[in-house]
file start08.cif (mmCIF, C-alpha atoms and all ligand atoms)
data_my_file
#
loop_
_atom_site.label_atom_id
_atom_site.label_comp_id
_atom_site.auth_asym_id
_atom_site.auth_seq_id
_atom_site.Cartn_x
_atom_site.Cartn_y
_atom_site.Cartn_z
CA MET A 1 49.79 73.60 40.96
CA TYR A 2 49.28 71.15 43.80
CA GLU A 3 45.97 69.62 42.72
CA ASN A 4 46.39 66.61 44.95
CA ASP A 5 46.26 68.64 48.12
CA ILE A 6 42.62 68.99 49.00
CA ARG A 7 43.16 70.80 52.26
CA LYS A 8 45.49 73.80 52.33
CA GLU A 9 48.20 73.83 54.96
CA LYS A 10 47.80 76.59 57.57
CA TYR A 11 50.74 78.46 59.05
CA ILE A 12 51.53 81.20 61.51
CA LEU A 13 54.16 83.61 60.20
CA LEU A 14 56.97 84.63 62.47
CA ILE A 15 59.57 87.38 62.43
CA ALA A 16 62.31 88.48 64.82
CA TYR A 17 63.39 91.99 63.76
CA SER A 18 65.51 94.85 64.96
CA GLY A 19 64.60 97.67 62.57
CA GLU A 20 61.34 99.49 61.86
CA GLU A 21 58.07 97.71 62.52
CA SER A 22 56.76 98.74 59.09
CA GLU A 23 59.68 96.92 57.45
CA ALA A 24 58.89 93.80 59.45
CA ASP A 25 55.25 94.05 58.35
CA ALA A 26 56.27 94.42 54.70
CA SER A 27 58.55 91.42 54.96
CA LEU A 28 55.71 89.36 56.47
CA ASP A 29 53.37 90.54 53.69
CA GLU A 30 55.87 89.15 51.21
CA LEU A 31 56.21 85.92 53.20
CA SER A 32 52.43 85.62 53.12
CA ASP A 33 52.47 86.05 49.30
CA LEU A 34 55.14 83.37 49.08
CA LEU A 35 53.01 81.03 51.17
CA ASP A 36 50.02 81.76 48.98
CA THR A 37 52.11 80.92 45.90
CA ALA A 38 53.03 77.59 47.56
CA ASP A 39 49.30 77.01 48.08
CA GLY A 40 49.28 77.39 51.84
CA ILE A 41 47.41 79.94 53.98
CA ALA A 42 48.67 82.31 56.67
CA VAL A 43 46.34 82.11 59.67
CA GLY A 44 48.27 84.41 61.97
CA ARG A 45 51.40 86.51 62.49
CA MET A 46 53.76 87.03 65.36
CA LYS A 47 56.45 89.71 65.53
CA GLN A 48 59.19 90.02 68.08
CA LYS A 49 61.40 93.10 68.23
CA MET A 50 64.85 92.22 69.54
CA MET A 51 68.39 93.52 69.17
CA ARG A 52 69.39 90.28 67.51
CA GLN A 53 67.70 86.99 66.79
CA ASP A 54 67.79 84.51 69.64
CA PRO A 55 70.51 82.00 68.65
CA ALA A 56 68.59 79.20 70.38
CA THR A 57 64.97 79.76 69.35
CA TYR A 58 64.92 82.67 66.84
CA ILE A 59 62.13 84.58 68.65
CA GLY A 60 63.01 83.77 72.27
CA SER A 61 61.48 81.06 74.44
CA GLY A 62 58.91 83.34 76.11
CA LYS A 63 57.45 84.34 72.78
CA ALA A 64 57.59 80.71 71.68
CA MET A 65 55.28 79.70 74.54
CA GLU A 66 52.82 82.41 73.49
CA LEU A 67 53.06 81.03 69.98
CA LYS A 68 52.27 77.52 71.16
CA ILE A 69 48.88 78.69 72.44
CA SER A 70 48.19 80.48 69.16
CA LEU A 71 49.03 77.37 67.17
CA VAL A 72 46.34 75.41 68.97
CA ALA A 73 43.80 78.23 68.83
CA LYS A 74 44.30 78.69 65.09
CA ASP A 75 44.51 74.95 64.39
CA ALA A 76 47.72 75.65 62.44
CA ASP A 77 49.92 73.01 60.82
CA GLY A 78 53.13 74.81 61.67
CA VAL A 79 55.10 78.05 61.67
CA ILE A 80 57.15 79.77 59.00
CA CYS A 81 60.04 82.01 60.06
CA ASP A 82 60.93 85.00 57.93
CA ASP A 83 64.68 84.27 58.04
CA GLU A 84 66.78 81.22 57.35
CA LEU A 85 67.16 79.32 60.64
CA THR A 86 70.28 77.62 61.91
CA PRO A 87 69.91 73.87 62.52
CA ALA A 88 69.91 74.56 66.28
CA GLN A 89 67.15 77.18 66.04
CA MET A 90 65.10 74.83 63.91
CA ARG A 91 65.52 71.93 66.33
CA ASN A 92 64.82 73.96 69.48
CA LEU A 93 61.82 75.78 68.08
CA SER A 94 60.34 72.60 66.69
CA ASP A 95 60.85 70.83 70.06
CA LEU A 96 59.35 73.71 72.04
CA LEU A 97 56.32 74.00 69.80
CA ASP A 98 56.03 70.34 68.92
CA THR A 99 55.12 71.33 65.38
CA LYS A 100 56.40 71.69 61.82
CA VAL A 101 58.91 74.57 61.51
CA ILE A 102 59.77 75.98 58.11
CA ASP A 103 61.95 78.93 57.22
CA ARG A 104 61.85 81.43 54.35
CA THR A 105 64.54 79.54 52.45
CA MET A 106 62.61 76.25 52.50
CA LEU A 107 59.46 78.03 51.36
CA ILE A 108 61.23 79.72 48.44
CA LEU A 109 62.95 76.47 47.48
CA ASP A 110 59.56 74.73 47.55
CA ILE A 111 58.11 77.30 45.12
CA PHE A 112 61.13 77.04 42.86
CA ALA A 113 60.73 73.26 42.83
CA ALA A 114 57.11 73.55 41.73
CA HIS A 115 57.89 76.17 39.06
CA ALA A 116 61.00 74.68 37.45
CA HIS A 117 60.13 73.30 34.05
CA THR A 118 63.32 72.73 32.12
CA SER A 119 65.47 69.79 33.05
CA GLU A 120 68.33 72.04 34.08
CA GLY A 121 66.05 74.18 36.24
CA LYS A 122 64.77 71.06 37.99
CA LEU A 123 68.26 69.73 38.64
CA GLN A 124 69.44 73.11 39.93
CA VAL A 125 66.55 73.43 42.34
CA GLU A 126 66.82 69.88 43.62
CA MET A 127 70.51 70.45 44.17
CA ALA A 128 69.83 73.64 46.17
CA GLN A 129 67.19 71.81 48.23
CA LEU A 130 69.45 68.86 48.97
CA LYS A 131 72.32 71.14 49.97
CA TYR A 132 70.02 72.93 52.38
CA ARG A 133 68.80 69.59 53.73
CA SER A 134 72.22 68.10 54.20
CA SER A 135 73.39 71.18 56.10
CA HIS A 136 70.35 70.94 58.40
CA LEU A 137 70.09 67.21 58.94
CA ILE A 138 72.93 67.26 61.42
CA GLY A 139 71.61 69.23 64.35
CA ALA A 140 68.03 69.46 63.19
CA GLY A 141 67.34 65.91 62.07
CA LYS A 142 64.34 65.45 64.33
CA ALA A 143 62.83 68.76 63.23
CA MET A 144 63.31 67.69 59.62
CA SER A 145 61.48 64.43 60.21
CA ARG A 146 58.66 66.31 61.93
CA LEU A 147 58.04 68.08 58.61
CA GLY A 148 56.08 65.08 57.40
CA GLY A 149 54.95 65.92 53.88
CA GLY A 150 53.67 69.02 52.11
CA ILE A 151 55.34 72.44 52.00
CA GLY A 152 59.07 72.25 52.68
CA THR A 153 59.44 68.63 51.60
CA ARG A 154 58.49 68.77 47.94
CA GLY A 155 61.16 68.43 45.30
CA PRO A 156 60.78 69.16 41.58
CA GLY A 157 57.89 67.31 39.98
CA GLU A 158 56.31 66.81 43.43
CA THR A 159 58.80 64.11 44.31
CA LYS A 160 59.38 63.86 48.03
CA LEU A 161 62.83 65.04 49.03
CA GLU A 162 65.30 62.48 50.26
CA THR A 163 65.91 62.38 54.03
CA ASP A 164 68.80 59.92 54.29
CA ARG A 165 72.09 61.79 54.50
CA ARG A 166 74.10 59.19 52.66
CA VAL A 167 71.60 58.99 49.82
CA ILE A 168 71.55 62.81 49.67
CA GLY A 169 75.35 62.85 49.33
CA ARG A 170 75.27 60.43 46.42
CA ARG A 171 72.42 62.28 44.73
CA ILE A 172 74.27 65.62 45.04
CA ALA A 173 77.30 64.07 43.33
CA ARG A 174 75.14 62.76 40.48
CA LEU A 175 73.31 66.04 40.07
CA SER A 176 76.53 68.05 39.90
CA SER A 177 77.91 66.01 37.05
CA GLU A 178 74.61 66.23 35.13
CA ILE A 179 74.47 69.99 35.69
CA LYS A 180 78.06 70.40 34.52
CA GLU A 181 77.26 68.65 31.28
CA MET A 182 74.21 70.85 30.69
CA GLN A 183 76.25 73.96 31.36
CA ARG A 184 78.80 72.86 28.80
CA VAL A 185 76.04 72.54 26.20
CA ARG A 186 74.61 75.94 27.12
CA MET A 187 78.02 77.57 26.89
CA THR A 188 78.31 76.28 23.33
CA THR A 189 74.90 77.72 22.42
CA ARG A 190 75.84 81.04 23.94
CA LYS A 191 79.13 81.10 22.09
CA ARG A 192 77.28 80.45 18.87
CA ARG A 193 74.89 83.26 19.69
CA MET A 194 77.74 85.60 20.56
CA GLY A 195 79.44 84.66 17.33
CA ASN A 196 76.21 85.74 15.75
CA ARG A 197 76.63 89.14 17.44
CA THR A 198 72.95 89.93 17.72
CA PRO A 199 72.74 92.37 20.63
CA VAL A 200 71.25 90.91 23.82
CA VAL A 201 69.11 92.78 26.32
CA ALA A 202 68.66 90.97 29.65
CA ILE A 203 65.46 91.79 31.53
CA VAL A 204 66.04 91.62 35.27
CA GLY A 205 64.08 92.77 38.31
CA TYR A 206 62.28 91.92 41.51
CA THR A 207 59.79 89.08 41.31
CA ASN A 208 56.32 90.08 40.06
CA ALA A 209 57.62 93.40 38.63
CA GLY A 210 56.24 92.61 35.16
CA LYS A 211 59.30 91.25 33.33
CA SER A 212 57.42 88.50 31.50
CA THR A 213 54.53 90.82 30.63
CA LEU A 214 57.06 93.20 29.09
CA ILE A 215 58.92 90.59 27.04
CA ASN A 216 55.56 89.33 25.77
CA LEU A 217 54.61 92.83 24.69
CA LEU A 218 57.96 93.59 23.07
CA THR A 219 58.38 90.31 21.25
CA ASP A 220 54.79 89.28 20.76
CA SER A 221 55.28 86.00 22.60
CA SER A 222 53.55 84.19 25.43
CA VAL A 223 55.87 83.68 28.36
CA LEU A 224 53.81 82.75 31.44
CA SER A 225 52.95 85.86 33.40
CA GLU A 226 50.96 85.62 36.60
CA ASP A 227 50.27 87.53 39.75
CA LYS A 228 52.38 84.99 41.60
CA LEU A 229 55.93 85.19 42.86
CA PHE A 230 58.52 83.39 40.75
CA ALA A 231 56.21 82.61 37.84
CA THR A 232 59.33 82.53 35.65
CA LEU A 233 62.30 80.38 36.56
CA ASP A 234 63.87 79.34 33.32
CA PRO A 235 65.29 82.06 31.12
CA THR A 236 63.51 82.62 27.81
CA THR A 237 65.05 84.44 24.86
CA ARG A 238 62.98 86.08 22.12
CA THR A 239 63.77 88.29 19.14
CA CYS A 240 62.47 91.80 18.61
CA VAL A 241 63.05 93.86 15.48
CA MET A 242 63.71 97.49 16.39
CA LYS A 243 62.44 100.49 14.43
CA GLY A 244 65.81 100.94 12.73
CA GLY A 245 65.56 97.35 11.46
CA GLN A 246 68.09 95.93 13.89
CA GLU A 247 67.35 92.57 15.51
CA VAL A 248 67.74 92.43 19.28
CA LEU A 249 67.43 89.41 21.59
CA PHE A 250 65.52 89.90 24.84
CA THR A 251 66.05 87.43 27.68
CA ASP A 252 63.53 87.12 30.51
CA THR A 253 65.16 85.92 33.74
CA VAL A 254 64.18 84.65 37.17
CA GLY A 255 63.00 87.37 39.55
CA PHE A 256 64.97 88.46 42.60
CA ILE A 257 63.65 88.69 46.15
CA ASN A 258 64.82 90.01 49.49
CA LYS A 259 66.69 87.35 51.48
CA LEU A 260 67.07 85.21 48.35
CA PRO A 261 68.56 81.96 49.61
CA HIS A 262 72.27 81.83 48.81
CA GLN A 263 71.84 78.23 47.65
CA LEU A 264 69.62 79.61 44.90
CA ILE A 265 72.01 82.38 43.93
CA ASP A 266 74.61 79.66 43.44
CA ALA A 267 72.13 77.49 41.57
CA PHE A 268 71.06 80.25 39.22
CA ARG A 269 74.43 81.89 38.78
CA SER A 270 74.87 80.01 35.53
CA THR A 271 71.33 80.60 34.26
CA LEU A 272 71.70 84.27 35.06
CA GLU A 273 74.88 84.40 33.09
CA GLU A 274 72.55 85.49 30.31
CA ALA A 275 72.66 88.83 32.11
CA LYS A 276 76.42 88.74 32.43
CA TYR A 277 76.88 88.47 28.67
CA ALA A 278 74.15 90.94 27.77
CA ASP A 279 74.85 94.25 26.01
CA VAL A 280 72.24 96.10 28.03
CA ILE A 281 70.48 95.37 31.32
CA LEU A 282 66.80 96.28 31.25
CA HIS A 283 65.75 96.54 34.86
CA VAL A 284 61.98 96.32 35.39
CA ALA A 285 60.66 97.68 38.69
CA ASP A 286 57.08 97.77 39.98
CA ALA A 287 56.58 101.50 40.54
CA SER A 288 53.27 100.88 42.32
CA ASP A 289 54.85 98.77 45.06
CA PRO A 290 55.26 100.60 48.39
CA GLU A 291 58.52 98.69 48.86
CA LEU A 292 59.99 100.01 45.59
CA ASP A 293 63.16 101.39 47.23
CA MET A 294 63.93 98.11 48.95
CA HIS A 295 63.32 96.24 45.69
CA LEU A 296 65.80 98.48 43.84
CA GLN A 297 68.43 97.83 46.52
CA VAL A 298 67.88 94.08 46.35
CA VAL A 299 68.15 94.01 42.57
CA TYR A 300 71.48 95.87 42.52
CA LYS A 301 72.83 93.84 45.42
CA THR A 302 71.92 90.61 43.63
CA LEU A 303 73.44 91.82 40.34
CA ARG A 304 76.66 92.57 42.21
CA GLU A 305 76.60 89.10 43.75
CA LEU A 306 76.23 87.67 40.28
CA ASP A 307 79.15 89.81 39.02
CA VAL A 308 76.93 91.63 36.55
CA THR A 309 78.62 95.00 36.65
CA GLY A 310 79.82 97.63 34.22
CA LYS A 311 76.87 97.23 31.82
CA PRO A 312 74.56 100.02 30.74
CA VAL A 313 71.36 99.78 32.82
CA ILE A 314 67.95 101.11 31.78
CA THR A 315 65.32 101.09 34.49
CA ALA A 316 61.71 100.78 33.42
CA PHE A 317 59.41 101.90 36.23
CA ASN A 318 56.53 99.61 35.32
CA LYS A 319 52.83 99.54 36.28
CA CYS A 320 52.56 103.30 35.87
CA ASP A 321 48.89 102.80 35.12
CA LEU A 322 48.51 102.10 38.84
CA ILE A 323 50.11 105.29 40.19
CA THR A 324 49.12 108.94 40.08
CA GLY A 325 52.12 110.19 38.13
CA GLU A 326 53.31 112.63 40.75
CA GLU A 327 55.74 110.25 42.45
CA ARG A 328 59.43 111.00 42.23
CA LEU A 329 60.84 108.00 40.42
CA ILE A 330 64.61 108.04 40.20
CA ASP A 331 67.15 105.28 39.90
CA VAL A 332 70.58 106.65 40.62
CA TYR A 333 72.25 103.38 39.67
CA ALA A 334 70.83 103.33 36.15
CA ASP A 335 72.12 105.16 33.09
CA ASN A 336 68.56 105.92 32.05
CA TRP A 337 65.14 105.50 33.56
CA LEU A 338 61.59 106.02 32.42
CA ARG A 339 58.00 105.20 33.33
CA ILE A 340 56.16 102.54 31.39
CA SER A 341 53.19 100.25 31.60
CA ALA A 342 53.67 96.80 30.14
CA LYS A 343 49.94 96.30 30.53
CA THR A 344 48.64 99.36 28.66
CA GLY A 345 51.69 99.77 26.41
CA ASP A 346 52.25 103.27 27.73
CA ASN A 347 55.68 104.72 26.85
CA ILE A 348 56.89 101.49 25.25
CA ASP A 349 58.06 103.34 22.13
CA ALA A 350 60.20 105.59 24.31
CA LEU A 351 61.62 102.52 26.02
CA LEU A 352 62.55 100.93 22.71
CA GLU A 353 64.17 104.18 21.58
CA THR A 354 66.20 104.30 24.77
CA ILE A 355 67.32 100.72 24.21
CA GLU A 356 68.31 101.50 20.60
CA ASP A 357 70.19 104.62 21.69
CA THR A 358 72.02 102.69 24.39
CA LEU A 359 73.01 99.95 21.97
CA GLN A 360 74.06 102.65 19.51
CA LYS A 361 76.30 104.27 22.11
CA ASN A 362 78.19 101.02 22.36
CA ARG A 363 78.98 101.31 18.68
CA LYS A 364 81.97 102.87 17.08
CA TYR A 365 82.21 105.01 14.00
CA VAL A 366 84.57 103.39 11.50
CA GLU A 367 86.07 104.62 8.23
CA CYS A 368 88.17 102.14 6.30
CA LEU A 369 89.22 100.78 2.94
CA ILE A 370 88.59 97.07 2.47
CA PRO A 371 90.55 95.31 -0.27
CA TYR A 372 88.40 93.43 -2.79
CA SER A 373 90.06 90.21 -1.65
CA ASP A 374 88.69 90.58 1.93
CA GLY A 375 85.08 89.58 1.31
CA LYS A 376 84.67 88.32 4.89
CA ARG A 377 85.35 91.70 6.41
CA LEU A 378 82.91 93.38 4.07
CA ASP A 379 80.26 90.78 4.99
CA ALA A 380 80.72 91.56 8.67
CA PHE A 381 80.00 95.25 8.03
CA HIS A 382 76.86 94.38 6.10
CA LYS A 383 75.65 91.92 8.69
CA TYR A 384 76.27 93.76 11.94
CA GLY A 385 76.91 97.36 11.06
CA GLN A 386 74.94 100.37 10.02
CA ILE A 387 76.54 101.48 6.74
CA LEU A 388 76.56 105.22 6.17
CA ALA A 389 78.56 105.23 2.92
CA GLU A 390 80.01 102.56 0.64
CA GLU A 391 82.12 103.49 -2.34
CA TYR A 392 83.78 101.16 -4.83
CA LEU A 393 87.26 102.54 -5.57
CA GLU A 394 90.16 101.25 -7.60
CA ASP A 395 92.01 99.51 -4.73
CA GLY A 396 89.07 98.48 -2.57
CA ILE A 397 85.78 99.47 -1.02
CA SER A 398 85.65 102.57 1.12
CA ILE A 399 83.29 102.15 4.07
CA LYS A 400 81.89 104.57 6.61
CA ALA A 401 79.80 102.75 9.20
CA TYR A 402 78.74 102.27 12.82
CA MET A 403 79.77 98.89 14.19
CA PRO A 404 79.13 97.26 17.57
CA GLU A 405 82.48 97.07 19.32
CA SER A 406 82.12 93.33 19.88
CA ALA A 407 81.65 92.73 16.14
CA MET A 408 84.58 94.80 14.93
CA PRO A 409 86.17 92.78 12.13
N1 LIG B 501 48.52 97.08 36.34
C1 LIG B 501 49.59 96.53 35.77
N2 LIG B 501 49.87 95.23 36.01
C2 LIG B 501 50.96 94.72 35.43
C3 LIG B 501 51.81 95.48 34.57
N3 LIG B 501 52.83 94.68 34.15
C4 LIG B 501 52.60 93.46 34.72
N4 LIG B 501 51.49 93.47 35.48
C5 LIG B 501 50.91 92.37 36.27
O1 LIG B 501 51.84 92.01 37.28
C6 LIG B 501 51.83 90.61 37.54
C7 LIG B 501 53.22 90.03 37.40
O2 LIG B 501 53.64 90.10 36.07
P1 LIG B 501 54.77 89.14 35.45
O3 LIG B 501 55.02 89.64 34.08
O4 LIG B 501 54.40 87.72 35.67
O5 LIG B 501 55.97 89.53 36.41
P2 LIG B 501 57.44 88.92 36.44
O6 LIG B 501 58.35 90.06 36.76
O7 LIG B 501 57.71 88.16 35.19
O8 LIG B 501 57.32 87.96 37.69
P3 LIG B 501 58.10 86.59 38.07
O9 LIG B 501 58.40 85.83 36.83
O10 LIG B 501 57.11 85.93 38.95
O11 LIG B 501 59.34 87.04 38.80
C8 LIG B 501 50.83 90.02 36.52
O12 LIG B 501 49.59 89.86 37.16
C9 LIG B 501 50.74 91.10 35.44
O13 LIG B 501 49.50 91.11 34.77
C10 LIG B 501 51.48 96.86 34.34
O14 LIG B 501 52.14 97.62 33.62
N5 LIG B 501 50.36 97.32 34.97
MG MG B 502 58.12 86.21 34.91
#
call {"tool": "encode", "arguments": {"input": "start08.cif", "output": "structure tokens"}}
result
Amino acid sequence: MYENDIRKEKYILLIAYSGEESEADASLDELSDLLDTADGIAVGRMKQKMMRQDPATYIGSGKAMELKISLVAKDADGVICDDELTPAQMRNLSDLLDTKVIDRTMLILDIFAAHAHTSEGKLQVEMAQLKYRSSHLIGAGKAMSRLGGGIGTRGPGETKLETDRRVIGRRIARLSSEIKEMQRVRMTTRKRRMGNRTPVVAIVGYTNAGKSTLINLLTDSSVLSEDKLFATLDPTTRTCVMKGGQEVLFTDTVGFINKLPHQLIDAFRSTLEEAKYADVILHVADASDPELDMHLQVVYKTLRELDVTGKPVITAFNKCDLITGEERLIDVYADNWLRISAKTGDNIDALLETIEDTLQKNRKYVECLIPYSDGKRLDAFHKYGQILAEEYLEDGISIKAYMPESAMP
């Protein structure tokens, strides 16, 4: 992804935590994966247990001095903190250590910038990055200039992010009007699709759970799937014909992550609206991940933040080829759940049946008499419904059918 960088940047990972040490370790493991995705390397870790983060230096000044020695010993380029820092924490820590200080938000934004491919995705990410920058330039300006180049400073298409506050302000204004226009166009496409009334299943889940692998399997397509975090940023929609002959649209969406920067939630709120308008939410979870429970919590929390509520949810516990089969896999928030493997195809038929059943449940049984003059209404039944009986009588056509509620003529 970053072919121009010959030498990988080296970082020490840092966390101030108050809960269990194992949770802190898991969070650092994830931070290390994020860094790997951004093409950097973790050369060390430092954990500090404290009731609350130090408002001045995040980990406390004593620990920071210890860290300074480590930085030299490991020949590191900087540190990455597991939480989003305040401008003051960023400035103080960077002054104390005299090095580049990055936080989790900047790292995630950097990855998003490298992975955004569509023009809207690129604009959204640049906007999120600039908003973060402008909120940190006052108070942490010197720390921001110490960043130099590389991780934390790369915008979409490897452009270097702007550092001048006034220029940033103007650019944000331009980006918002461009984004608004794109959203208007997308709204029209969605309306057309909704008018079309093909049921939509939105695939959501934690990053790297296997969402893209699953959509590829179900719809015989080739969405990029990689053992990297945030391989998918831009939503992709593909058609799948179900056993009963019904066409269903599947949409692959951006993955969620713990401590997802709020700037990104805002940025992707509109892209994730695909989920908001879906008929069914297909939640893919990596059943082999030791942090499965945390991932489930994060997914539901994020869905709530995105106002995706009140939809039927099916949870697919994926990667079952990697587990023994004796685990208790339950998702109390879902209407249905089952084990699958998107890699081996295990239980995929059962998953499709569950999806069909769930869509079916959202249908209504209708009996009616349509006058011969109302050809439009009859067409709607043929197009969207499942006709059980159709009888041509003297004063019209008698129909018995299942119809999706949204398509009721
Ligand atoms: N063993 C195993 N690996 C799987 C399975 N499903 C997906 N994977 C692997 O998991 C990794 C992530 O898969 P993706 O489909 O890219 O995951 P994603 O949820 O789309 O991830 P992002 O787009 O990055 O959020 C890839 O290396 C896949 O090959 C599975 O059922 N079993
Ligand atoms: Mg993906």
call {"tool": "residues_around", "arguments": {"input": "start08.cif", "residues": "region 299-305 of chain A", "least_positions_apart": "5", "cutoff": "12 Å", "atoms": "all atoms listed in the file", "output": "ChimeraX atom specification"}}
result
/A:202-207,209,254-262,264-266,268-269,272-276,281-286,292-294,310-311,313,315,331-334
call {"tool": "residues_near_ligand", "arguments": {"input": "start08.cif", "ligand": "ligand MG 502 (chain B)", "cutoff": "9 Å", "atoms": "only C-alpha atoms and all ligand atoms", "output": "JSON, numbers by chain"}}
result
{"A": [207, 208, 209, 210, 211, 212, 213, 223, 224, 225, 226, 228, 229, 230, 231, 232, 233, 252, 253, 254, 255]}
call {"tool": "residues_around", "arguments": {"input": "start08.cif", "residues": "Glu291 (chain A)", "least_positions_apart": "3", "cutoff": "10 Å", "atoms": "all atoms listed in the file", "output": "list in words"}}
result
Glu23, Ala26, Ser27, Asp286, Ala287, Ser288, Met294, His295 and Leu296 of chain A
call {"tool": "closest_residue", "arguments": {"input": "start08.cif", "among": "A:Lys49, A:Lys160, A:His136, A:Arg186", "to": "Gly148 (chain A)", "atoms": "all atoms listed in the file"}}
result
A:Lys160
call {"tool": "residues_around", "arguments": {"input": "start08.cif", "residues": "Leu249 (chain A)", "least_positions_apart": "4", "cutoff": "6 Å", "atoms": "only C-alpha atoms", "output": "list of chain:residue names"}}
result
A:Val200, A:Arg238, A:Thr239
call {"tool": "closest_residue", "arguments": {"input": "start08.cif", "among": "A:Met106, A:Ile215, A:Leu393, A:Leu14", "to": "ligand LIG 501 (chain B)", "atoms": "all atoms listed in the file"}}
result
A:Ile215
call {"tool": "atom_distance", "arguments": {"input": "start08.cif", "atom1": "CA of Val241 (chain A)", "atom2": "CA of Leu378 (chain A)"}}
result
22.9 Å
call {"tool": "atom_distance", "arguments": {"input": "start08.cif", "atom1": "CA of Glu158 (chain A)", "atom2": "CA of Asp110 (chain A)"}}
result
9.5 Å
call {"tool": "atom_distance", "arguments": {"input": "start08.cif", "atom1": "CA of Arg45 (chain A)", "atom2": "CA of Asp289 (chain A)"}}
result
21.6 Å
call {"tool": "residues_around", "arguments": {"input": "start08.cif", "residues": "Phe112 (chain A)", "least_positions_apart": "2", "cutoff": "9 Å", "atoms": "all atoms listed in the file", "output": "list of chain:residue names"}}
result
A:Leu107, A:Ile108, A:Leu109, A:Asp110, A:Ala114, A:His115, A:Ala116, A:Gly121, A:Lys122, A:Val125, A:Gly155, A:Pro156, A:Phe230, A:Ala231, A:Leu233
call {"tool": "axis_aligned_box", "arguments": {"input": "start08.cif", "around": "ligand LIG 501 (chain B)", "padding_each_side": "3 Å", "output": "JSON"}}
result
{"center_x": 53.9, "center_y": 91.7, "center_z": 36.3, "size_x": 16.8, "size_y": 17.8, "size_z": 11.3}
call {"tool": "closest_residue", "arguments": {"input": "start08.cif", "among": "A:Lys142, A:Leu137, A:Leu130, A:Gly396", "to": "Arg174 (chain A)", "atoms": "only C-alpha atoms"}}
result
A:Leu130
call {"tool": "closest_residue", "arguments": {"input": "start08.cif", "among": "A:Ser177, A:Thr189, A:Asn336, A:Thr324", "to": "Met127 (chain A)", "atoms": "only C-alpha atoms"}}
result
A:Ser177
call {"tool": "residues_around", "arguments": {"input": "start08.cif", "residues": "Leu175 (chain A)", "least_positions_apart": "2", "cutoff": "9 Å", "atoms": "only C-alpha atoms", "output": "ChimeraX atom specification"}}
result
/A:123-124,126-127,170-173,177-180
call {"tool": "residues_near_point", "arguments": {"input": "start08.cif", "point": "(65.0, 102.6, 18.8)", "cutoff": "6 Å", "atoms": "all atoms listed in the file", "output": "ChimeraX atom specification"}}
result
/A:242-243,352-353,356
call {"tool": "closest_residue", "arguments": {"input": "start08.cif", "among": "A:Glu9, A:Asp227, A:Asp25, A:Asp83", "to": "ligand LIG 501 (chain B)", "atoms": "only C-alpha atoms and all ligand atoms"}}
result
A:Asp227
call {"tool": "residues_near_point", "arguments": {"input": "start08.cif", "point": "(58.4, 108.4, 29.7)", "cutoff": "12 Å", "atoms": "only C-alpha atoms", "output": "JSON, numbers by chain"}}
result
{"A": [315, 316, 317, 318, 320, 325, 329, 336, 337, 338, 339, 340, 341, 345, 346, 347, 348, 349, 350, 351, 352, 353, 354]}
